[in-house]
Amino acid sequence: MPSRVVVAVLACLLVAGCSTSVDGAPAAVPSSSTATPMESPPAEFDACSLPEELLSTLGLSGVSPVPIVGASGCLWAGKAFAVGVSLVEDTSHIEDVGSLPDVTALEVVPFGDYTTYLYIIDEDTSVTQTMTERGALMLTAIDIHSDGIEADRRISRDTFFAFAPYLPPPR
């Protein structure tokens, strides 16, 4: 796995901003129109043990997770697509996303009983933040072949919908 992808995704998750260059073809991410909430979401969720079915859907089959130092989460980096997942169980220190000065293009993504925000950090990183009974789940997806921030937002939204059936129950 190219180390520059790992560094880029970590930067996106922990520093709030990124640029990356990686060789390869993008992974196909399922359309948000096909996602539906599970009747009974899994009670257990490990941000570093995602099902092979999900990784295959994202084009990351066979890619090993890399733990995010100092956080409960991991990242998977393929040749052209990477995803970082972080679960923040203690949400008392998480500020209201809408009040952060480096957050723009904030929108609520409707999905069942989940409260999910899609936003851009530092004008170049699209993130989804979903409130679950286990805490705030942050997803950052990067496709190096995207055509700008609006494409990144679609990729983030679609990646959230790919993850949705595996999320802990909503808060």
# chains A, B, ... in the order shown; residues from 1 in each chain; ligands from 1
$ closest_atom_pairs --of "region 146-165 of chain A" --to "region 55-65 of chain A" --cutoff "12 Å" --atoms "only C-alpha atoms" --output "JSON lines"
{"residue": "A:Ile155", "atom": "CA", "partner": "A:Leu58", "partner_atom": "CA", "distance": 10.7}
{"residue": "A:Ser156", "atom": "CA", "partner": "A:Leu58", "partner_atom": "CA", "distance": 11.7}
{"residue": "A:Asp158", "atom": "CA", "partner": "A:Leu58", "partner_atom": "CA", "distance": 10.0}
{"residue": "A:Thr159", "atom": "CA", "partner": "A:Leu58", "partner_atom": "CA", "distance": 7.7}
{"residue": "A:Phe160", "atom": "CA", "partner": "A:Leu58", "partner_atom": "CA", "distance": 10.9}
{"residue": "A:Phe161", "atom": "CA", "partner": "A:Leu58", "partner_atom": "CA", "distance": 11.1}
{"residue": "A:Ala162", "atom": "CA", "partner": "A:Thr57", "partner_atom": "CA", "distance": 7.6}
{"residue": "A:Phe163", "atom": "CA", "partner": "A:Leu58", "partner_atom": "CA", "distance": 9.5}
$ atom_distance --atom1 "CA of Ala105 (chain A)" --atom2 "CA of Val83 (chain A)"
20.4 Å
$ residues_around --residues "Met138 (chain A)" --least-positions-apart "4" --cutoff "7 Å" --atoms "only C-alpha atoms" --output "tab-separated table (two decimals) with N, CA, C and O atoms, in the first residue's frame"
chain	number	residue	atom	x	y	z
A	85	VAL	N	-12.34	5.60	8.54
A	85	VAL	CA	-13.49	5.46	9.43
A	85	VAL	C	-12.99	5.70	10.85
A	85	VAL	O	-12.04	5.07	11.28
A	86	SER	N	-13.64	6.60	11.54
A	86	SER	CA	-13.27	6.89	12.92
A	86	SER	C	-14.54	6.98	13.76
A	86	SER	O	-15.51	7.63	13.36
A	87	LEU	N	-14.54	6.32	14.91
A	87	LEU	CA	-15.67	6.35	15.82
A	87	LEU	C	-15.25	7.10	17.08
A	87	LEU	O	-14.32	6.71	17.77
A	127	VAL	N	-16.58	15.24	4.19
A	127	VAL	CA	-16.70	14.32	5.33
A	127	VAL	C	-18.17	14.07	5.62
A	127	VAL	O	-19.00	14.97	5.46
A	128	THR	N	-18.49	12.86	6.07
A	128	THR	CA	-19.80	12.62	6.66
A	128	THR	C	-19.59	12.31	8.13
A	128	THR	O	-18.62	11.67	8.51
A	129	GLN	N	-20.51	12.79	8.94
A	129	GLN	CA	-20.50	12.54	10.39
A	129	GLN	C	-21.89	12.05	10.76
A	129	GLN	O	-22.87	12.75	10.54
A	130	THR	N	-21.96	10.84	11.28
A	130	THR	CA	-23.22	10.20	11.61
A	130	THR	C	-23.28	9.95	13.11
A	130	THR	O	-22.36	9.38	13.68
$ closest_residue --among "A:Pro51, A:Pro165, A:Pro170, A:Gly135" --to "Thr91 (chain A)" --atoms "only C-alpha atoms"
A:Gly135
$ closest_residue --among "A:Ala151, A:Ala136, A:Leu100, A:Ile144" --to "Tyr114 (chain A)" --atoms "only C-alpha atoms"
A:Ala136
